[in-house]
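Structure, as structure tokens:
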Amino acid sequence: MTKTRLSLYDTTLRDGQQTQGVQFSTAEKQAIATTLDQLGVDYIEGGWPGANPTDSAFFDAAPETRARLTAFGMTKRAGRSAENDDVLAAVMNAGTASICLVGKTDIFHVETALGITPDENLENISASIAHIVKQGREALFDAEHFFDGYARDPAYTLDCLKAAHQAGARWIVLCDTNGGTLPHRIADVVSDVIAAGIPGERLGIHTHNDTENAVAGSLAAVDAGARQIQGTLNGLGERCGNANLIALIPTLLLKEPYASRYQTGVTPEALEGITMASRQLDEILNRVPMKQSAYVGASAFAHKAGLHASAIVKDPTTYEHIDPASVGNARIIPMSNQAGQS
């Protein structure tokens with residue numbers, strides 16, 4: 001059986017940097033990019049060139065990576081051409097092969113936040129993506145507030161996606177920007193989008209964790225046909241964070257039906273380094289690693305209860321859903337008054 005390829009897009013260096021209390025230096029961004037490349041992600045979003053000095057400096061001295069280094073920006077502003085928008089020009093001048101632009105797809109945000117007409121917004125999307133493609137670059141479109149917009153006005157929201165698709169966007173990423181859409185709804189809407197003519201192999205998903213459902217929502221989108229997942233290491237991100245690639249990647253490689261159906265750029269050998277990657281990021285941020293983190297936490301394979309420990313000695317699969325070594329972690333059996341007689 002031929003496996004379907006899933007694309008992994010990391011935005012730790014851009015969206016992750018929006019976490020309260022997080023600010024990477026250029027050297028730290030270089031180190032994280034190298035770790036991400038060794039892990040095997042397909043895209044590394046380096047930041048927004050021109051938006052702040054650190055992001056601009058990173059693109060000036062970015063490490064060589066197998067992954068596609070991606071610059072992030074926004075669609076052109078109304079009333080000017082894509083060629084004459086200085087903000088878009090700064091993103092283009094970063095020189096990356098791939099460029100991801102965020103654009104409004106919720107009619108409420110178009111009229112209230114941007115203060116422009118729906119048609120002007122569609123033109124901004126179309127012209128910006130076409131400008132990237134004309135320059136021989138790969139274009140990605142982040143459909144901001146997509147799920148809220150779809151609930152409000154599905155026809156207009158789909159028009160925004162179609163504008164990006166017809167202009168040549170390689171990936172159209174459905175963003176749950178406010179993080180409030182539940183997994184079953186994400187699956188339904190992704191199915192609607194594909195039925196409306198946007199191919200699943202061109203669709204990505206970008207979820208936030210405001211309901212603790214970012215990972216589940218990403219998997220629901222894949223189940224419905226999306227083929228790119230955006231996320232961050234350790235779930236960094238604004239407010240409650242983004243979809244956690246540290247949890248998603250092992251799930252895709254080790255859990256059914258994903259392990260049998262899909263392939264990513266992460267090899268089993270690279271997966272053994274995912275615990276180290278998680279802890280490296282915490283060290284850079286001077287944070288204590290969360291013991292209860294799925295797969296990589298120090299307590300993820302700790303068996304304190306006597307009943308559990310007794311069974312683990314006989315057969316680890318009694319209380320472990322995977323071999324901890326497959327993700328570079330280790331089993332712990334702490335001794336305490338809960339250890340039991342056995």
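Each chain of the structure tokens is named A, B, ... in the order shown, its residues numbered from 1; ligands are numbered from 1 in display order.
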
Using only C-alpha atoms, what table do you get, as JSON lines, when you list each residue of region 131-202 of chain A with an atom no more than 12 Å from region 49-72 of chain A, its nearest pair of atoms, and their distance in Å rounded to one decimal, rows by chain then rising number?
{"residue": "A:Ile132", "atom": "CA", "partner": "A:Ala71", "partner_atom": "CA", "distance": 11.6}
{"residue": "A:Arg137", "atom": "CA", "partner": "A:Thr70", "partner_atom": "CA", "distance": 10.3}
{"residue": "A:Glu138", "atom": "CA", "partner": "A:Thr70", "partner_atom": "CA", "distance": 9.2}
{"residue": "A:Ala139", "atom": "CA", "partner": "A:Thr70", "partner_atom": "CA", "distance": 9.6}
{"residue": "A:Leu140", "atom": "CA", "partner": "A:Phe72", "partner_atom": "CA", "distance": 9.2}
{"residue": "A:Phe141", "atom": "CA", "partner": "A:Phe72", "partner_atom": "CA", "distance": 9.8}
{"residue": "A:Asp142", "atom": "CA", "partner": "A:Phe72", "partner_atom": "CA", "distance": 9.6}

Sel. of alpha helix (DSSP H) residues, region 128-207 of chain A, as a ChimeraX atom specification:
/A:128-134,146-152,154-167,183-195

Writing out the chosen residues with N, CA and C atoms as a short mmCIF file (atom, residue, chain, number, x, y, z; two decimals), in the first residue's frame:
data_model
loop_
_atom_site.label_atom_id
_atom_site.label_comp_id
_atom_site.auth_asym_id
_atom_site.auth_seq_id
_atom_site.Cartn_x
_atom_site.Cartn_y
_atom_site.Cartn_z
N SER A 128 -1.33 39.34 -4.57
CA SER A 128 -0.15 39.03 -3.76
C SER A 128 0.39 37.64 -4.08
N ILE A 129 -0.50 36.66 -4.16
CA ILE A 129 -0.07 35.29 -4.47
C ILE A 129 0.49 35.23 -5.89
N ALA A 130 -0.18 35.90 -6.83
CA ALA A 130 0.31 35.91 -8.21
C ALA A 130 1.69 36.54 -8.31
N HIS A 131 1.95 37.56 -7.50
CA HIS A 131 3.25 38.24 -7.49
C HIS A 131 4.36 37.27 -7.05
N ILE A 132 4.08 36.48 -6.03
CA ILE A 132 5.06 35.50 -5.55
C ILE A 132 5.33 34.45 -6.63
N VAL A 133 4.27 33.94 -7.21
CA VAL A 133 4.41 32.89 -8.23
C VAL A 133 5.16 33.42 -9.44
N LYS A 134 4.89 34.66 -9.83
CA LYS A 134 5.56 35.26 -10.98
C LYS A 134 7.06 35.36 -10.76
N PHE A 146 -10.28 31.58 9.37
CA PHE A 146 -11.07 30.88 8.37
C PHE A 146 -12.32 30.24 8.96
N PHE A 147 -12.19 29.52 10.05
CA PHE A 147 -13.34 28.76 10.56
C PHE A 147 -14.42 29.68 11.12
N ASP A 148 -14.02 30.77 11.75
CA ASP A 148 -15.02 31.75 12.20
C ASP A 148 -15.69 32.41 11.00
N GLY A 149 -14.89 32.71 9.97
CA GLY A 149 -15.45 33.32 8.78
C GLY A 149 -16.40 32.39 8.06
N TYR A 150 -16.05 31.10 8.04
CA TYR A 150 -16.91 30.13 7.36
C TYR A 150 -18.25 30.02 8.07
N ALA A 151 -18.25 30.11 9.38
CA ALA A 151 -19.50 30.06 10.13
C ALA A 151 -20.36 31.29 9.86
N ARG A 152 -19.69 32.41 9.58
CA ARG A 152 -20.41 33.67 9.38
C ARG A 152 -20.90 33.83 7.94
N PRO A 154 -20.01 31.49 4.62
CA PRO A 154 -19.21 30.48 3.94
C PRO A 154 -18.89 30.81 2.49
N ALA A 155 -19.81 31.44 1.79
CA ALA A 155 -19.59 31.74 0.38
C ALA A 155 -18.40 32.69 0.20
N TYR A 156 -18.34 33.74 1.01
CA TYR A 156 -17.23 34.69 0.87
C TYR A 156 -15.91 34.06 1.30
N THR A 157 -15.96 33.28 2.37
CA THR A 157 -14.73 32.65 2.85
C THR A 157 -14.16 31.72 1.78
N LEU A 158 -15.02 30.98 1.12
CA LEU A 158 -14.57 30.11 0.03
C LEU A 158 -14.05 30.92 -1.15
N ASP A 159 -14.65 32.07 -1.41
CA ASP A 159 -14.14 32.95 -2.48
C ASP A 159 -12.70 33.35 -2.21
N CYS A 160 -12.37 33.59 -0.94
CA CYS A 160 -11.00 33.95 -0.59
C CYS A 160 -10.04 32.81 -0.89
N LEU A 161 -10.44 31.60 -0.55
CA LEU A 161 -9.60 30.43 -0.83
C LEU A 161 -9.42 30.24 -2.34
N LYS A 162 -10.52 30.41 -3.07
CA LYS A 162 -10.45 30.23 -4.52
C LYS A 162 -9.58 31.29 -5.17
N ALA A 163 -9.57 32.49 -4.63
CA ALA A 163 -8.70 33.54 -5.16
C ALA A 163 -7.23 33.15 -5.02
N ALA A 164 -6.87 32.59 -3.87
CA ALA A 164 -5.50 32.16 -3.65
C ALA A 164 -5.16 30.96 -4.53
N HIS A 165 -6.10 30.03 -4.63
CA HIS A 165 -5.88 28.82 -5.43
C HIS A 165 -5.70 29.16 -6.90
N GLN A 166 -6.56 30.00 -7.44
CA GLN A 166 -6.50 30.36 -8.85
C GLN A 166 -5.26 31.19 -9.18
N ALA A 167 -4.74 31.90 -8.18
CA ALA A 167 -3.53 32.70 -8.39
C ALA A 167 -2.26 31.86 -8.32
N PRO A 183 -12.79 19.71 17.05
CA PRO A 183 -12.32 18.81 15.99
C PRO A 183 -13.39 18.33 15.02
N HIS A 184 -14.58 17.98 15.51
CA HIS A 184 -15.59 17.47 14.59
C HIS A 184 -16.01 18.54 13.60
N ARG A 185 -16.03 19.80 14.05
CA ARG A 185 -16.38 20.90 13.16
C ARG A 185 -15.27 21.14 12.13
N ILE A 186 -14.02 21.05 12.57
CA ILE A 186 -12.90 21.19 11.64
C ILE A 186 -12.99 20.15 10.54
N ALA A 187 -13.27 18.90 10.90
CA ALA A 187 -13.39 17.84 9.90
C ALA A 187 -14.51 18.13 8.91
N ASP A 188 -15.66 18.58 9.42
CA ASP A 188 -16.79 18.88 8.54
C ASP A 188 -16.45 19.99 7.55
N VAL A 189 -15.80 21.04 8.05
CA VAL A 189 -15.51 22.19 7.19
C VAL A 189 -14.44 21.85 6.17
N VAL A 190 -13.40 21.12 6.57
CA VAL A 190 -12.38 20.70 5.60
C VAL A 190 -13.03 19.88 4.48
N SER A 191 -13.94 19.01 4.83
CA SER A 191 -14.66 18.23 3.81
C SER A 191 -15.45 19.14 2.88
N ASP A 192 -16.08 20.18 3.44
CA ASP A 192 -16.83 21.14 2.63
C ASP A 192 -15.91 21.87 1.65
N VAL A 193 -14.74 22.25 2.13
CA VAL A 193 -13.79 23.00 1.29
C VAL A 193 -13.34 22.13 0.12
N ILE A 194 -13.05 20.87 0.38
CA ILE A 194 -12.63 19.98 -0.69
C ILE A 194 -13.77 19.78 -1.69
N ALA A 195 -14.98 19.63 -1.18
CA ALA A 195 -16.15 19.47 -2.06
C ALA A 195 -16.38 20.71 -2.91
#

Could you pull the residues within 9 Å of Gln228 (chain A), counting only C-alpha atoms, minus those fewer than 3 positions along the same chain, as a PyMOL selection string?
chain A and resi 5-9+171+173+201-206+222

Please dump the current selection as a PDB file, in the first residue's frame; keep N, CA, C and O atoms.
ATOM      1  N   ARG A   5       1.710  11.252   1.374  1.00  0.00           N
ATOM      2  CA  ARG A   5       2.702  12.134   2.000  1.00  0.00           C
ATOM      3  C   ARG A   5       2.018  13.280   2.722  1.00  0.00           C
ATOM      4  O   ARG A   5       1.182  13.984   2.163  1.00  0.00           O
ATOM      5  N   LEU A   6       2.371  13.456   3.979  1.00  0.00           N
ATOM      6  CA  LEU A   6       1.939  14.620   4.755  1.00  0.00           C
ATOM      7  C   LEU A   6       3.105  15.586   4.888  1.00  0.00           C
ATOM      8  O   LEU A   6       4.245  15.172   5.111  1.00  0.00           O
ATOM      9  N   SER A   7       2.825  16.858   4.765  1.00  0.00           N
ATOM     10  CA  SER A   7       3.834  17.898   4.897  1.00  0.00           C
ATOM     11  C   SER A   7       3.772  18.491   6.302  1.00  0.00           C
ATOM     12  O   SER A   7       2.697  18.815   6.807  1.00  0.00           O
ATOM     13  N   LEU A   8       4.932  18.645   6.935  1.00  0.00           N
ATOM     14  CA  LEU A   8       5.026  19.227   8.272  1.00  0.00           C
ATOM     15  C   LEU A   8       5.659  20.611   8.177  1.00  0.00           C
ATOM     16  O   LEU A   8       6.769  20.773   7.660  1.00  0.00           O
ATOM     17  N   TYR A   9       4.933  21.582   8.689  1.00  0.00           N
ATOM     18  CA  TYR A   9       5.350  22.989   8.600  1.00  0.00           C
ATOM     19  C   TYR A   9       5.526  23.525  10.013  1.00  0.00           C
ATOM     20  O   TYR A   9       4.572  23.586  10.789  1.00  0.00           O
ATOM     21  N   TRP A 171       0.007  25.895  -1.257  1.00  0.00           N
ATOM     22  CA  TRP A 171      -0.714  25.467  -0.059  1.00  0.00           C
ATOM     23  C   TRP A 171      -1.681  26.554   0.370  1.00  0.00           C
ATOM     24  O   TRP A 171      -1.317  27.736   0.405  1.00  0.00           O
ATOM     25  N   VAL A 173      -3.832  27.277   3.674  1.00  0.00           N
ATOM     26  CA  VAL A 173      -3.840  26.788   5.050  1.00  0.00           C
ATOM     27  C   VAL A 173      -5.035  27.361   5.798  1.00  0.00           C
ATOM     28  O   VAL A 173      -5.189  28.588   5.908  1.00  0.00           O
ATOM     29  N   GLU A 201      -4.864  17.877  -1.437  1.00  0.00           N
ATOM     30  CA  GLU A 201      -3.397  17.884  -1.487  1.00  0.00           C
ATOM     31  C   GLU A 201      -2.827  19.293  -1.548  1.00  0.00           C
ATOM     32  O   GLU A 201      -1.615  19.485  -1.538  1.00  0.00           O
ATOM     33  N   ARG A 202      -3.704  20.292  -1.581  1.00  0.00           N
ATOM     34  CA  ARG A 202      -3.255  21.687  -1.512  1.00  0.00           C
ATOM     35  C   ARG A 202      -3.665  22.354  -0.196  1.00  0.00           C
ATOM     36  O   ARG A 202      -3.396  23.533  -0.004  1.00  0.00           O
ATOM     37  N   LEU A 203      -4.292  21.596   0.707  1.00  0.00           N
ATOM     38  CA  LEU A 203      -4.830  22.163   1.944  1.00  0.00           C
ATOM     39  C   LEU A 203      -3.945  21.870   3.144  1.00  0.00           C
ATOM     40  O   LEU A 203      -3.438  20.763   3.306  1.00  0.00           O
ATOM     41  N   GLY A 204      -3.795  22.890   3.994  1.00  0.00           N
ATOM     42  CA  GLY A 204      -3.115  22.729   5.261  1.00  0.00           C
ATOM     43  C   GLY A 204      -4.026  23.118   6.401  1.00  0.00           C
ATOM     44  O   GLY A 204      -5.106  23.685   6.204  1.00  0.00           O
ATOM     45  N   ILE A 205      -3.591  22.817   7.631  1.00  0.00           N
ATOM     46  CA  ILE A 205      -4.362  23.146   8.829  1.00  0.00           C
ATOM     47  C   ILE A 205      -3.443  23.825   9.836  1.00  0.00           C
ATOM     48  O   ILE A 205      -2.296  23.411  10.027  1.00  0.00           O
ATOM     49  N   HIS A 206      -3.961  24.876  10.462  1.00  0.00           N
ATOM     50  CA  HIS A 206      -3.210  25.653  11.455  1.00  0.00           C
ATOM     51  C   HIS A 206      -4.151  25.899  12.632  1.00  0.00           C
ATOM     52  O   HIS A 206      -5.079  26.695  12.536  1.00  0.00           O
ATOM     53  N   VAL A 222      -6.619  16.181   8.895  1.00  0.00           N
ATOM     54  CA  VAL A 222      -5.963  15.150   8.084  1.00  0.00           C
ATOM     55  C   VAL A 222      -6.960  14.052   7.725  1.00  0.00           C
ATOM     56  O   VAL A 222      -7.027  13.594   6.580  1.00  0.00           O
TER      57      VAL A 222
END

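Note that CA of Asp176 (chain A) and CA of Gln18 (chain A) are 16.1 Å apart.
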
Gap from CA of Gly47 (chain A) to CA of Ile172 (chain A) - Å, one decimal:
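CA of Ile172 (chain A) lies 18.5 Å from CA of Gly47 (chain A).
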
Selected residue, from A:Gly237, A:Ile229, A:Arg77, A:Glu269, that lies nearest to Leu114 (chain A) when counting only C-alpha atoms:
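Once distances to Leu114 (chain A) are computed over only C-alpha atoms, the minimum belongs to A:Arg77.
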
Report the distance between CA of Asp15 (chain A) and CA of Thr34 (chain A) in Å, rounded to one decimal place.
17.5 Å

May I have the residues within 12 Å of Gly273 (chain A) as a JSON list (two decimals) with C-alpha atoms, in the first residue's frame, using only C-alpha atoms and disregarding those fewer than 6 positions away in the same chain?
[["chain", "number", "residue", "atom", "x", "y", "z"],
["A", 35, "THR", "CA", 17.29, 20.98, 15.21],
["A", 36, "LEU", "CA", 14.09, 21.19, 13.17],
["A", 37, "ASP", "CA", 15.96, 20.25, 10.02],
["A", 38, "GLN", "CA", 17.55, 17.24, 11.72],
["A", 39, "LEU", "CA", 14.11, 16.17, 12.92],
["A", 40, "GLY", "CA", 12.81, 16.13, 9.36],
["A", 246, "ILE", "CA", 6.17, 17.18, 19.59],
["A", 249, "ILE", "CA", 4.82, 13.74, 14.97],
["A", 250, "PRO", "CA", 5.00, 10.58, 17.13],
["A", 266, "VAL", "CA", 10.60, 12.21, 9.86],
["A", 267, "THR", "CA", 12.37, 8.84, 9.93],
["A", 279, "ARG", "CA", 14.20, 19.69, 25.95],
["A", 280, "GLN", "CA", 16.66, 21.73, 23.91],
["A", 295, "TYR", "CA", 5.70, 11.19, 24.65],
["A", 296, "VAL", "CA", 8.66, 13.29, 25.84],
["A", 324, "PRO", "CA", 9.71, 4.95, 25.24],
["A", 325, "ALA", "CA", 12.98, 4.43, 23.36],
["A", 326, "SER", "CA", 11.18, 5.07, 20.05],
["A", 327, "VAL", "CA", 10.90, 8.75, 21.03],
["A", 328, "GLY", "CA", 14.19, 8.95, 22.92],
["A", 329, "ASN", "CA", 12.58, 8.75, 26.35]]

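Between Gly95 (chain A) and the residues A:Gly46, A:Gly115, A:Gly79, A:Gly231, the shortest atom-to-atom distance, using only C-alpha atoms, involves A:Gly46.
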
Quick one: of A:Asp323, A:Ala97, A:Phe108, A:Ala143, who's nearest to Met74 (chain A), counting only C-alpha atoms?
A:Ala143
